[in-house]
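**Student:** Quick one: this structure, given as structure tokens, is what I'll be asking you about.
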Amino acid sequence: MKRSTCNLQQARMRAWLIAGCAAATLQSAKVVVAGEHASEVKRAPIVVSPGEGQPTSRFGHLKAASEDTLGAYALVEGAMEPQEGPPPHTHSREDEAWYVLEGELSFQVGERVIVGTPGTFVLAPRGIRHRFWNSGKQMARYLLILSPPGLEKYFQERLAIPGRDPSKSLYDQSPDFREKEEALSRKYGLTSEGEQPTPRR
């Protein structure tokens with residue numbers, strides 16, 4: 001009975017997440033033509049198969065970019081190895097939200113710490129210091145929503161920084177890479193709180 005209740009809650013959360021993204025897309029699909037009333041933009045469906053999408057990290061892929069959603073949001077499917085995660089940072093331009101698919105992700109949003117298991121949804125509004133990391137013992141998978149979109153370009157440009165070692169985590173690169181990444185972060189309105197050890201349980 002407990003497992004059935006858990007599965008039902010996860011199904012409801014997935015439905016809520018999909019419905020929210022769809023509503024945002026429909027809202028952004030309304031455009032105003034000069035001198036006329038708002039009209040709906042007719043667009044073709046977008047389908048991105050498993051494992052497809054532009055890379056955003058060693059294991060991450062972009063599923064929907066700004067141009068796909070008419071500026072409503074961007075959607076990234078990400079994965080993270082145990083004990084991996086970025087240092088505390090703050091976004092000035094977008095809200096960031098996660099939906100845990102597999103494994104365990106922990107979050108610190110402001111002063112609150114959350115341990116996220118499959119079905120957990122966490123929203124970090126812009127302007128609030130936060131971080132997240134894989135606090136489990138296996139690979140963690142998640143969906144990342146960026147609203148408004150734009151930060152997905154940061155992920156893609158970060159992969160193209162010269163000198164990146166593709167065999168290493170983005171958080172375990174050379175000092176030269178880190179310096180260039182910090183400059184890129186400032187370009188996209190990110191403020192890092194500096195390197196700190198990932199909290200371990």
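In the structure tokens, each chain is lettered A, B, ... as it comes, each chain's residues begin at 1, and ligands are numbered from 1 in order of appearance.
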Write out as a list in words which residues come within 10 Å of Arg158 (chain A) when counting only C-alpha atoms, dropping same-chain ones fewer than 2 positions away.
**Tutor:**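 What passes the distance filter is Thr56, Ser57, Glu152, Lys153, Tyr154, Phe155, Gln156, Ala160, Ile161, Pro162, Arg164, Leu170, Phe177, Lys180, Glu181, Glu182, Leu184 and Ser185 of chain A.
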**Student:** Phe121 (chain A): which residues within 7 Å, counting only C-alpha atoms, same-chain residues fewer than 6 positions away excluded, as a PyMOL selection string?
**Tutor:** chain A and resi 98-100
**Student:** Kindly save the residues from that selection, with N, CA, C and O atoms included, as a CSV table (one decimal), in the first residue's frame.
**Tutor:**
chain,number,residue,atom,x,y,z
A,98,TRP,N,14.2,21.7,-10.3
A,98,TRP,CA,14.6,20.3,-10.6
A,98,TRP,C,13.5,19.3,-10.3
A,98,TRP,O,12.7,19.6,-9.3
A,99,TYR,N,13.5,18.3,-11.0
A,99,TYR,CA,12.6,17.2,-10.8
A,99,TYR,C,13.4,15.9,-10.8
A,99,TYR,O,14.0,15.6,-11.8
A,100,VAL,N,13.5,15.2,-9.6
A,100,VAL,CA,14.4,14.1,-9.5
A,100,VAL,C,13.8,12.9,-10.2
A,100,VAL,O,12.7,12.5,-9.8
**Student:** So, with only C-alpha atoms as the atoms that count, which of A:Lys168, A:Arg178, A:Lys42, A:His89 lies closest to Gln108 (chain A)?
**Tutor:**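 Closest to Gln108 (chain A), using only C-alpha atoms: A:His89.
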**Student:** In Å to one decimal, how far is CA of Pro149 (chain A) from CA of Ser66 (chain A)?
**Tutor:**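 That distance, rounded to one decimal, is 5.4 Å.
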**Student:** For a test of reading the model, state the distance in Å between CA of Tyr73 (chain A) and CA of Lys187 (chain A), rounded to one decimal.
**Tutor:**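 These atoms are spaced 19.3 Å apart.
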**Student:** What residues in region 15-188 of chain A get the DSSP label strand (DSSP E)? Please answer as an MDAnalysis selection string.
**Tutor:** chainID A and resid 30:31 39:40 54:55 61:64 74:80 89:91 95:102 105:109 112:116 121:124 130:134 140:147
**Student:** For Glu52 (chain A), please output as a CSV table (one decimal) with C-alpha atoms, in the first residue's frame all residues within 9 Å (counting only C-alpha atoms; exclusion window: fewer than 6 positions along the same chain).
**Tutor:**
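Written file, around-v6.csv:
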chain,number,residue,atom,x,y,z
A,61,HIS,CA,21.2,16.9,-22.9
A,62,LEU,CA,19.1,19.9,-23.8
A,63,LYS,CA,15.6,18.7,-24.5
**Student:** To one decimal place in Å, what is the distance between CA of Pro87 (chain A) and CA of Arg129 (chain A)?
**Tutor:**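 These two atoms are separated by 10.1 Å.
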**Student:** Tell me which of A:Pro166, A:Pro88, A:Pro45, A:Gly51 sits closest to His130 (chain A), counting only C-alpha atoms.
**Tutor:** A:Pro88
**Student:** Once you count only C-alpha atoms, what closest atom pair and distance in Å to one decimal does each residue of region 30-133 of chain A within 7 Å of region 137-147 of chain A have, with rows by chain and rising residue number, as CSV?
**Tutor:**
residue,atom,partner,partner_atom,distance
A:Ala72,CA,A:Ser147,CA,6.6
A:Tyr73,CA,A:Ser147,CA,4.6
A:Ala74,CA,A:Leu146,CA,5.1
A:Leu75,CA,A:Ile145,CA,4.8
A:Val76,CA,A:Leu144,CA,5.0
A:Glu77,CA,A:Leu143,CA,4.6
A:Gly78,CA,A:Tyr142,CA,5.3
A:Ala79,CA,A:Arg141,CA,4.3
A:Met80,CA,A:Ala140,CA,5.3
A:Glu81,CA,A:Met139,CA,4.8
A:Pro82,CA,A:Lys137,CA,5.5
A:Glu94,CA,A:Ser147,CA,5.3
A:Asp95,CA,A:Ser147,CA,5.3
A:Glu96,CA,A:Leu146,CA,5.0
A:Ala97,CA,A:Ile145,CA,5.1
A:Trp98,CA,A:Leu144,CA,4.6
A:Tyr99,CA,A:Leu143,CA,5.1
A:Val100,CA,A:Tyr142,CA,4.4
A:Leu101,CA,A:Tyr142,CA,4.9
A:Glu102,CA,A:Arg141,CA,4.9
A:Gly103,CA,A:Ala140,CA,4.3
A:Glu104,CA,A:Ala140,CA,5.8
A:Leu105,CA,A:Ala140,CA,6.7
**Student:** Can you write just those residues out, N, CA, C and O atoms, as a PDB file, in the first residue's frame?
**Tutor:**
ATOM      1  N   ALA A  72       9.453  30.533 -23.351  1.00  0.00           N
ATOM      2  CA  ALA A  72       8.757  30.223 -22.098  1.00  0.00           C
ATOM      3  C   ALA A  72       9.696  29.580 -21.075  1.00  0.00           C
ATOM      4  O   ALA A  72       9.694  29.941 -19.897  1.00  0.00           O
ATOM      5  N   TYR A  73      10.486  28.609 -21.505  1.00  0.00           N
ATOM      6  CA  TYR A  73      11.374  27.894 -20.599  1.00  0.00           C
ATOM      7  C   TYR A  73      12.362  27.077 -21.423  1.00  0.00           C
ATOM      8  O   TYR A  73      12.211  26.933 -22.644  1.00  0.00           O
ATOM      9  N   ALA A  74      13.367  26.530 -20.757  1.00  0.00           N
ATOM     10  CA  ALA A  74      14.272  25.546 -21.355  1.00  0.00           C
ATOM     11  C   ALA A  74      14.250  24.316 -20.462  1.00  0.00           C
ATOM     12  O   ALA A  74      14.095  24.424 -19.239  1.00  0.00           O
ATOM     13  N   LEU A  75      14.390  23.145 -21.065  1.00  0.00           N
ATOM     14  CA  LEU A  75      14.343  21.891 -20.316  1.00  0.00           C
ATOM     15  C   LEU A  75      15.600  21.083 -20.603  1.00  0.00           C
ATOM     16  O   LEU A  75      15.950  20.844 -21.760  1.00  0.00           O
ATOM     17  N   VAL A  76      16.284  20.678 -19.537  1.00  0.00           N
ATOM     18  CA  VAL A  76      17.511  19.894 -19.639  1.00  0.00           C
ATOM     19  C   VAL A  76      17.323  18.587 -18.877  1.00  0.00           C
ATOM     20  O   VAL A  76      16.774  18.584 -17.767  1.00  0.00           O
ATOM     21  N   GLU A  77      17.752  17.479 -19.481  1.00  0.00           N
ATOM     22  CA  GLU A  77      17.820  16.216 -18.753  1.00  0.00           C
ATOM     23  C   GLU A  77      19.267  16.037 -18.318  1.00  0.00           C
ATOM     24  O   GLU A  77      20.172  16.007 -19.151  1.00  0.00           O
ATOM     25  N   GLY A  78      19.488  15.964 -17.018  1.00  0.00           N
ATOM     26  CA  GLY A  78      20.848  15.896 -16.503  1.00  0.00           C
ATOM     27  C   GLY A  78      21.104  14.637 -15.703  1.00  0.00           C
ATOM     28  O   GLY A  78      20.178  13.929 -15.302  1.00  0.00           O
ATOM     29  N   ALA A  79      22.375  14.365 -15.483  1.00  0.00           N
ATOM     30  CA  ALA A  79      22.793  13.242 -14.651  1.00  0.00           C
ATOM     31  C   ALA A  79      24.067  13.643 -13.921  1.00  0.00           C
ATOM     32  O   ALA A  79      24.861  14.444 -14.425  1.00  0.00           O
ATOM     33  N   MET A  80      24.251  13.091 -12.745  1.00  0.00           N
ATOM     34  CA  MET A  80      25.367  13.512 -11.903  1.00  0.00           C
ATOM     35  C   MET A  80      25.906  12.318 -11.129  1.00  0.00           C
ATOM     36  O   MET A  80      25.140  11.517 -10.582  1.00  0.00           O
ATOM     37  N   GLU A  81      27.225  12.193 -11.092  1.00  0.00           N
ATOM     38  CA  GLU A  81      27.853  11.099 -10.366  1.00  0.00           C
ATOM     39  C   GLU A  81      27.826  11.360  -8.862  1.00  0.00           C
ATOM     40  O   GLU A  81      27.657  12.503  -8.425  1.00  0.00           O
ATOM     41  N   PRO A  82      27.994  10.312  -8.050  1.00  0.00           N
ATOM     42  CA  PRO A  82      27.978  10.486  -6.593  1.00  0.00           C
ATOM     43  C   PRO A  82      28.979  11.539  -6.117  1.00  0.00           C
ATOM     44  O   PRO A  82      30.107  11.608  -6.592  1.00  0.00           O
ATOM     45  N   GLU A  94      17.168  34.029 -13.988  1.00  0.00           N
ATOM     46  CA  GLU A  94      16.188  32.966 -14.170  1.00  0.00           C
ATOM     47  C   GLU A  94      15.935  32.209 -12.870  1.00  0.00           C
ATOM     48  O   GLU A  94      16.774  32.184 -11.974  1.00  0.00           O
ATOM     49  N   ASP A  95      14.745  31.603 -12.797  1.00  0.00           N
ATOM     50  CA  ASP A  95      14.439  30.636 -11.753  1.00  0.00           C
ATOM     51  C   ASP A  95      14.940  29.281 -12.238  1.00  0.00           C
ATOM     52  O   ASP A  95      14.933  28.992 -13.441  1.00  0.00           O
ATOM     53  N   GLU A  96      15.349  28.448 -11.298  1.00  0.00           N
ATOM     54  CA  GLU A  96      15.870  27.129 -11.635  1.00  0.00           C
ATOM     55  C   GLU A  96      15.088  26.091 -10.836  1.00  0.00           C
ATOM     56  O   GLU A  96      14.890  26.252  -9.631  1.00  0.00           O
ATOM     57  N   ALA A  97      14.624  25.047 -11.515  1.00  0.00           N
ATOM     58  CA  ALA A  97      13.834  24.023 -10.837  1.00  0.00           C
ATOM     59  C   ALA A  97      14.291  22.641 -11.270  1.00  0.00           C
ATOM     60  O   ALA A  97      14.689  22.440 -12.422  1.00  0.00           O
ATOM     61  N   TRP A  98      14.212  21.692 -10.342  1.00  0.00           N
ATOM     62  CA  TRP A  98      14.637  20.317 -10.605  1.00  0.00           C
ATOM     63  C   TRP A  98      13.507  19.349 -10.283  1.00  0.00           C
ATOM     64  O   TRP A  98      12.739  19.561  -9.349  1.00  0.00           O
ATOM     65  N   TYR A  99      13.465  18.270 -11.050  1.00  0.00           N
ATOM     66  CA  TYR A  99      12.568  17.160 -10.755  1.00  0.00           C
ATOM     67  C   TYR A  99      13.427  15.900 -10.778  1.00  0.00           C
ATOM     68  O   TYR A  99      14.010  15.555 -11.814  1.00  0.00           O
ATOM     69  N   VAL A 100      13.549  15.231  -9.641  1.00  0.00           N
ATOM     70  CA  VAL A 100      14.437  14.075  -9.520  1.00  0.00           C
ATOM     71  C   VAL A 100      13.793  12.850 -10.167  1.00  0.00           C
ATOM     72  O   VAL A 100      12.661  12.478  -9.844  1.00  0.00           O
ATOM     73  N   LEU A 101      14.529  12.226 -11.087  1.00  0.00           N
ATOM     74  CA  LEU A 101      14.047  11.035 -11.786  1.00  0.00           C
ATOM     75  C   LEU A 101      14.578   9.749 -11.158  1.00  0.00           C
ATOM     76  O   LEU A 101      13.834   8.787 -10.957  1.00  0.00           O
ATOM     77  N   GLU A 102      15.878   9.725 -10.880  1.00  0.00           N
ATOM     78  CA  GLU A 102      16.514   8.533 -10.316  1.00  0.00           C
ATOM     79  C   GLU A 102      17.591   8.950  -9.326  1.00  0.00           C
ATOM     80  O   GLU A 102      18.192  10.020  -9.458  1.00  0.00           O
ATOM     81  N   GLY A 103      17.848   8.087  -8.352  1.00  0.00           N
ATOM     82  CA  GLY A 103      18.918   8.345  -7.403  1.00  0.00           C
ATOM     83  C   GLY A 103      18.512   9.347  -6.337  1.00  0.00           C
ATOM     84  O   GLY A 103      17.332   9.512  -6.021  1.00  0.00           O
ATOM     85  N   GLU A 104      19.518  10.035  -5.808  1.00  0.00           N
ATOM     86  CA  GLU A 104      19.289  10.979  -4.710  1.00  0.00           C
ATOM     87  C   GLU A 104      20.065  12.265  -4.958  1.00  0.00           C
ATOM     88  O   GLU A 104      21.276  12.248  -5.150  1.00  0.00           O
ATOM     89  N   LEU A 105      19.367  13.374  -4.980  1.00  0.00           N
ATOM     90  CA  LEU A 105      19.987  14.693  -5.091  1.00  0.00           C
ATOM     91  C   LEU A 105      19.640  15.494  -3.849  1.00  0.00           C
ATOM     92  O   LEU A 105      18.478  15.524  -3.430  1.00  0.00           O
TER      93      LEU A 105
END
**Student:** What residues in region 90-199 of chain A get the DSSP label helix (DSSP H, G or I)? Please answer as a PyMOL selection string.
**Tutor:** chain A and resi 151-159+175-187
